[in-house]
Amino acid sequence: MAGVATRVPGTALPGLAPSGWSLAGRQLRFWLTNYRRTWRGSIYSSVLNPVLFLGAIGLGLGTLVNAHGSARLGGVSYLAFLAPGLLAAAAMETAVGECTYPVYGSVKWNKTYQAAVASPLRPVDIFHGHVLFVTLRLAMNCAIFLVVAAAFGAIRSPWMIAALPVGVLTGLAFAAPVEAWAVTRTRDSSFAMIFRFGMIPLFLFSGTFFPITQLPAWLRPVAYLTPLWHGVSLCRSLNLGTADLGQAVIDVAYLVAVAAAGLLAGNRTYRRRLYV
Amino acid sequence: MSADSPLIRARGLVKRFGDFTAVDGIDFDLLRGEAFGFLGPNGAGKSSTMRMIGCVSPPSAGELSILGLDPVRDGREIRSRLGVVPQEDTLDVELTVRENLLIYGRYFGLPRDVIRERTARLLEFVQLSDRAGDQVDPLSGGMKRRLTIARSLINEPDIMLLDEPTTGLDPQARHAVWDRLFRLKQQGVTLVLTTHYMDEAEQLCDRLVVMDAGKIAAGGTPRELIERYSTPEVLELRFDPADHQQSAEKLAGVPAQRREVLADRVLLYVDDGDAALVAVRALGVEPLTSLVRRGTLEDVFLRLTGRELGSE
C-alpha cells in the first residue's frame with residue numbers, strides 16, 4: 001500500500017497561521033455540510049410559521065381588532081402592525097432554537113466539538129463558526145418572512161427591507177448569549193426552562209402582538225430591557241413609517257451591545273468547556 | 001530542533017482538576033518513529049496526559065514540549081501536526097464516511113483535491129472504501145474506530161495519539177484495529193497510545209510506562225519490564241472457594257520468587273512452572289485448575305501496584 005505514512009517534519013505545512021475568521025469559516029463549512037441534509041424541512045417551517053401566524057392572528061384576529069378601531073395601533077391594519085413585530089420575534093425563535101440543542105449536542109451527543117478542537121481550530125473559532133452559521137440562518141428566515149408578509153399585503157413601506165438586517169441583529173442579540181450559556185450545560189433539561197420561562201413570555205409581552213403601553217406601568221421597564229422589544233419596535237417603525245433616527249440608533253446600539261456581550265462571554269465559556 | 005531530539009518531552013508534568021490531581025509529576029520522552037504506551041487502569045491519569053499532549057488541556061505545572069513547541073502558546077501549530085483518535089468516537093454520525101473526512105480535512109485547511117485523493121487512500125487502508133458514501137450512524141463500532149483512525153491521518157500527522165483505541169470493541173474488531181496500527185508502525189509512524197489492555201501494550205508498544213494514580217511506576221520495553229518485575233513463568237492455581245485461603249497458605253512451602261494470593265487465584269512466580277506444579281502436588285495440595293504461562297505486563301502491573309490491571 002502506498003504510504004499513509006506521516007510527513008517528514010519540517011516540510012511545508014498547508015493552512016498554517018490562518019486568520020481567526022478563516023478558521024471560523026472552516027467550522028461554518030461543517031454546519032453548512034450538515035445543513036445540506038436538513039434544509040428542506042427547515043424551509044417548510046420557515047414559510048409555514050409566518051403563514052400560520054399572519055393568517056390566524058394577523059388576518060383572523062386582526063378582523064376583530066380592526067373592527068374596534070385601530071387608533072392605538074397608529075391607524076394601520078392589525079396585520080401591518082403585527083407583521084414587523086413577528087419578524088423580530090421569529091428571529092429570536094430561530095436564534096434560540098439553533099443555539100440550544102445543536103450546541104449542546106455537539107458537546108454531549110455527537111461530540112463534534114471535541115473532534116474540531118483536536119484540529120487547528122480553537123474554541124473561539126468553533127464558537128464563531130456557529131455564530132456565522134446562525135447569522136446565515138437568520139438572514140434566510142427573515143428574507144422568507146418578508147416575502148410571506150409581502151404576499152399577505154402586510155408591507156406598507158419600502159423601508160421594510162431594512163427589517164432584514166434588524167431581524168438578523170435581533171436574532172444575534174439572542175444567539176450569542178444563549179449559545180455562550182448553552183455550551184456550559186451538562187443536562188439538556190435547562191433548555192425546556194428557557195423556552196417556557198424565557199422565550200414564550202418574551203414572545204407574548206415584548207410588543208409583538210400589542211403595544212407595550214397596554215402593559216401595567218410597572219411591567220413596562222422590564223419590556224424596555226429585553227432585546228426583543230428593541231427589535232420589535234424598530235422593525236415596526238420601519239413598516240409604519242414612524243422611524244425616528246435617535247430611537248433607531250438606541251435600538252441598534254442596544255442590540256449590538258447585547259450581541260457583543262454574548263460574543264465575549266462565549267469566547268470564554270467555549271474555551272472553559274472545550275479546554276479542560 | 002534536531003532530528004534525534006525527542007518529539008515530546010515532559011518533566012514534572014502535572015494536571016489538577018480542583019483538589020484532584022489526575023497527573024502527578026510525570027517525566028517521559030517520546031522518540032521519533034517509536035510506539036510509546038501509557039499502560040494503567042481507569043483513572044490512572046492516562047487520558048489527562050493524552051489531552052495535555054493534544055493541546056486541549058493546559059498543564060497545571062511542569063514542562064511539556066511537543067515537536068519543540070509550547071502546547072499553550074503554539075497549540076494551533078502543534079495540533080495541525082497531530083492525529084488524534086479520542087477514547088470516545090467523535091464522528092458526525094449524520095454525515096457520510098466521506099463527508100467526515102472532508103470536513104476534517106477542511107479543519108486542517110487542506111484543499112479539496114488533496115482531501116479527495118487522501119480519502120480514497122485512507123479508506124482503502126482502513127478497509128472502508130465500499131462504505132464511503134454511507135452514513136456513519138449504522139456502521140459497527142469497529143468500523144467507526146477504523147474511520148476515526150483514517151480521519152486522524154488526513155493531515156499526515158507527525159505523531160498519532162490514540163486514547164484507548166480498542167476499548168469497547170469485540171475481539172475480532174480489536175484485532176482488525178491492531179492490524180492497522182501495526183502497519184502504521186511498520187511505516188515508521190510515531191504512535192502514542194494509552195491502554196488498560198496488557199496484550200495491546202505488548203503487541204504494539206516499543207516502549208511503555210506503567211501509570212498508577214497519576215504517577216509513572218516504571219518504564220521500559222515490554223520485555224525489560226517483564227524481566228525486571230516478573231519471572232519467566234507464572235503458575236496460576238484455582239482452588240475450591242471454600243478452602244482457597246487455606247490452600248494458598250500451604251503453598252508457602254513451594255519454592256517461588258513471589259506468591260500473589262488474589263481473590264480467585266493464586267499466582268506463583270517461578271522460573272519453571274511445571275516443576276513448581278510438581279512441588280505443589282508433592283505438598284498434597286490439589287488445585288481445581290492449574291495453568292502455566294509466561295510472565296506478562298499484567299504481572300508487572302500487579303507487582304508494581306498490588307492490584308490487577310482490570311480492577312477499578
# chains A, B, ... in the order shown; residues from 1 in each chain; ligands from 1
call {"tool": "interface_residues", "arguments": {"of": "chain B", "to": "chain A", "cutoff": "8 Å", "atoms": "only C-alpha atoms", "output": "ChimeraX atom specification"}}
result
/B:54-58,75-80,82,84,89-95,103-104,106-110,121-122,125,153,156-159,184,187-189
call {"tool": "residues_around", "arguments": {"residues": "Ile115 in chain B", "least_positions_apart": "6", "cutoff": "9 Å", "atoms": "only C-alpha atoms", "output": "list in words"}}
result
Leu101, Leu102, Gly105, Arg106, Ile154 and Asn155 of chain B
call {"tool": "residues_around", "arguments": {"residues": "Pro6 in chain B", "least_positions_apart": "6", "cutoff": "12 Å", "atoms": "only C-alpha atoms", "output": "list in words"}}
result
Phe28, Asp29, Leu30, Leu31, Arg32, Gly33, Glu34, Leu64, Ser65, Ile66, Leu67, Gly68, Leu69, Ile159 and Thr190 of chain B
call {"tool": "write_last_selection", "arguments": {"atoms": "C-alpha atoms", "output": "mmCIF file, in the first residue's frame"}}
result
data_model
loop_
_atom_site.group_PDB
_atom_site.id
_atom_site.type_symbol
_atom_site.label_atom_id
_atom_site.label_comp_id
_atom_site.auth_asym_id
_atom_site.auth_seq_id
_atom_site.Cartn_x
_atom_site.Cartn_y
_atom_site.Cartn_z
ATOM 1 C CA PHE B 28 8.875 10.933 29.722
ATOM 2 C CA ASP B 29 10.431 11.342 26.280
ATOM 3 C CA LEU B 30 8.894 10.235 23.010
ATOM 4 C CA LEU B 31 11.356 9.430 20.259
ATOM 5 C CA ARG B 32 10.744 9.681 16.550
ATOM 6 C CA GLY B 33 9.310 6.543 14.953
ATOM 7 C CA GLU B 34 8.547 4.684 18.142
ATOM 8 C CA LEU B 64 5.855 19.925 28.303
ATOM 9 C CA SER B 65 7.294 20.381 24.853
ATOM 10 C CA ILE B 66 5.771 18.850 21.727
ATOM 11 C CA LEU B 67 7.648 18.943 18.411
ATOM 12 C CA GLY B 68 9.882 21.515 20.098
ATOM 13 C CA LEU B 69 6.880 23.811 20.668
ATOM 14 C CA ILE B 159 2.562 11.999 15.805
ATOM 15 C CA THR B 190 5.191 7.690 15.632
#
call {"tool": "closest_residue", "arguments": {"among": "A:Ala149, A:Leu132, A:Val252, A:Leu73", "to": "Leu59 in chain A", "atoms": "only C-alpha atoms"}}
result
A:Ala149
call {"tool": "residues_around", "arguments": {"residues": "Val183 in chain A", "least_positions_apart": "6", "cutoff": "7 Å", "atoms": "only C-alpha atoms", "output": "list in words"}}
result
Val103, Tyr104, Thr269 and Tyr270 of chain A
call {"tool": "write_last_selection", "arguments": {"atoms": "N, CA and C atoms", "output": "compact mmCIF listing (two decimals), in the first residue's frame"}}
result
# COMPACT_ATOMS: atom_id res chain seq x y z
N VAL A 103 -26.00 23.11 19.85
CA VAL A 103 -24.74 23.39 20.53
C VAL A 103 -24.48 22.33 21.60
N TYR A 104 -25.51 22.06 22.38
CA TYR A 104 -25.40 21.06 23.44
C TYR A 104 -25.04 19.69 22.85
N THR A 269 -16.69 30.93 27.64
CA THR A 269 -17.35 29.67 28.02
C THR A 269 -16.94 28.53 27.08
N TYR A 270 -16.76 28.83 25.81
CA TYR A 270 -16.32 27.78 24.89
C TYR A 270 -14.94 27.28 25.28
call {"tool": "residues_around", "arguments": {"residues": "Pro221 in chain A", "least_positions_apart": "6", "cutoff": "12 Å", "atoms": "only C-alpha atoms", "output": "PyMOL selection string"}}
result
chain A and resi 205-206+212-213+215+229
call {"tool": "decode", "arguments": {"residues": "range 125-150 of chain B", "atoms": "N, CA and C atoms", "output": "PDB file, in the first residue's frame"}}
result
ATOM      1  N   PHE B 125      -7.040   1.939   3.141  1.00  0.00           N
ATOM      2  CA  PHE B 125      -6.173   1.467   4.227  1.00  0.00           C
ATOM      3  C   PHE B 125      -6.984   0.884   5.386  1.00  0.00           C
ATOM      4  N   VAL B 126      -8.083   1.544   5.753  1.00  0.00           N
ATOM      5  CA  VAL B 126      -8.886   1.047   6.883  1.00  0.00           C
ATOM      6  C   VAL B 126     -10.042   0.157   6.407  1.00  0.00           C
ATOM      7  N   GLN B 127      -9.982  -0.256   5.154  1.00  0.00           N
ATOM      8  CA  GLN B 127     -10.937  -1.212   4.589  1.00  0.00           C
ATOM      9  C   GLN B 127     -12.384  -0.718   4.679  1.00  0.00           C
ATOM     10  N   LEU B 128     -12.571   0.560   4.329  1.00  0.00           N
ATOM     11  CA  LEU B 128     -13.931   1.111   4.331  1.00  0.00           C
ATOM     12  C   LEU B 128     -14.293   1.724   2.982  1.00  0.00           C
ATOM     13  N   SER B 129     -13.517   1.405   1.940  1.00  0.00           N
ATOM     14  CA  SER B 129     -13.761   2.018   0.627  1.00  0.00           C
ATOM     15  C   SER B 129     -15.193   1.802   0.163  1.00  0.00           C
ATOM     16  N   ASP B 130     -15.724   0.612   0.419  1.00  0.00           N
ATOM     17  CA  ASP B 130     -17.073   0.316  -0.084  1.00  0.00           C
ATOM     18  C   ASP B 130     -18.165   1.007   0.734  1.00  0.00           C
ATOM     19  N   ARG B 131     -17.793   1.633   1.859  1.00  0.00           N
ATOM     20  CA  ARG B 131     -18.791   2.348   2.662  1.00  0.00           C
ATOM     21  C   ARG B 131     -18.661   3.866   2.526  1.00  0.00           C
ATOM     22  N   ALA B 132     -17.823   4.329   1.593  1.00  0.00           N
ATOM     23  CA  ALA B 132     -17.500   5.764   1.500  1.00  0.00           C
ATOM     24  C   ALA B 132     -18.735   6.656   1.443  1.00  0.00           C
ATOM     25  N   GLY B 133     -19.765   6.217   0.711  1.00  0.00           N
ATOM     26  CA  GLY B 133     -20.944   7.064   0.545  1.00  0.00           C
ATOM     27  C   GLY B 133     -22.024   6.820   1.592  1.00  0.00           C
ATOM     28  N   ASP B 134     -21.766   5.902   2.528  1.00  0.00           N
ATOM     29  CA  ASP B 134     -22.790   5.559   3.533  1.00  0.00           C
ATOM     30  C   ASP B 134     -22.732   6.498   4.720  1.00  0.00           C
ATOM     31  N   GLN B 135     -23.900   6.642   5.340  1.00  0.00           N
ATOM     32  CA  GLN B 135     -23.963   7.412   6.574  1.00  0.00           C
ATOM     33  C   GLN B 135     -23.181   6.662   7.660  1.00  0.00           C
ATOM     34  N   VAL B 136     -22.614   7.392   8.615  1.00  0.00           N
ATOM     35  CA  VAL B 136     -21.766   6.778   9.634  1.00  0.00           C
ATOM     36  C   VAL B 136     -22.590   6.032  10.684  1.00  0.00           C
ATOM     37  N   ASP B 137     -23.771   6.561  10.994  1.00  0.00           N
ATOM     38  CA  ASP B 137     -24.553   6.034  12.107  1.00  0.00           C
ATOM     39  C   ASP B 137     -24.668   4.509  12.161  1.00  0.00           C
ATOM     40  N   PRO B 138     -25.057   3.852  11.049  1.00  0.00           N
ATOM     41  CA  PRO B 138     -25.250   2.402  11.154  1.00  0.00           C
ATOM     42  C   PRO B 138     -23.962   1.575  11.143  1.00  0.00           C
ATOM     43  N   LEU B 139     -22.803   2.184  11.009  1.00  0.00           N
ATOM     44  CA  LEU B 139     -21.565   1.398  10.982  1.00  0.00           C
ATOM     45  C   LEU B 139     -21.331   0.742  12.352  1.00  0.00           C
ATOM     46  N   SER B 140     -20.648  -0.398  12.339  1.00  0.00           N
ATOM     47  CA  SER B 140     -20.339  -1.091  13.596  1.00  0.00           C
ATOM     48  C   SER B 140     -19.287  -0.304  14.373  1.00  0.00           C
ATOM     49  N   GLY B 141     -19.145  -0.639  15.647  1.00  0.00           N
ATOM     50  CA  GLY B 141     -18.155   0.028  16.496  1.00  0.00           C
ATOM     51  C   GLY B 141     -16.749  -0.077  15.930  1.00  0.00           C
ATOM     52  N   GLY B 142     -16.408  -1.246  15.407  1.00  0.00           N
ATOM     53  CA  GLY B 142     -15.074  -1.445  14.849  1.00  0.00           C
ATOM     54  C   GLY B 142     -14.848  -0.595  13.610  1.00  0.00           C
ATOM     55  N   MET B 143     -15.887  -0.483  12.779  1.00  0.00           N
ATOM     56  CA  MET B 143     -15.767   0.338  11.567  1.00  0.00           C
ATOM     57  C   MET B 143     -15.611   1.811  11.939  1.00  0.00           C
ATOM     58  N   LYS B 144     -16.369   2.258  12.956  1.00  0.00           N
ATOM     59  CA  LYS B 144     -16.258   3.656  13.379  1.00  0.00           C
ATOM     60  C   LYS B 144     -14.855   3.944  13.891  1.00  0.00           C
ATOM     61  N   ARG B 145     -14.297   3.001  14.640  1.00  0.00           N
ATOM     62  CA  ARG B 145     -12.933   3.176  15.124  1.00  0.00           C
ATOM     63  C   ARG B 145     -11.962   3.301  13.957  1.00  0.00           C
ATOM     64  N   ARG B 146     -12.115   2.432  12.976  1.00  0.00           N
ATOM     65  CA  ARG B 146     -11.215   2.464  11.826  1.00  0.00           C
ATOM     66  C   ARG B 146     -11.381   3.766  11.055  1.00  0.00           C
ATOM     67  N   LEU B 147     -12.626   4.237  10.972  1.00  0.00           N
ATOM     68  CA  LEU B 147     -12.858   5.525  10.299  1.00  0.00           C
ATOM     69  C   LEU B 147     -12.180   6.653  11.088  1.00  0.00           C
ATOM     70  N   THR B 148     -12.266   6.582  12.404  1.00  0.00           N
ATOM     71  CA  THR B 148     -11.610   7.605  13.226  1.00  0.00           C
ATOM     72  C   THR B 148     -10.101   7.584  12.983  1.00  0.00           C
ATOM     73  N   ILE B 149      -9.551   6.394  12.829  1.00  0.00           N
ATOM     74  CA  ILE B 149      -8.112   6.287  12.548  1.00  0.00           C
ATOM     75  C   ILE B 149      -7.806   6.934  11.189  1.00  0.00           C
ATOM     76  N   ALA B 150      -8.633   6.629  10.193  1.00  0.00           N
ATOM     77  CA  ALA B 150      -8.433   7.242   8.867  1.00  0.00           C
ATOM     78  C   ALA B 150      -8.520   8.763   8.978  1.00  0.00           C
TER      79      ALA B 150
END
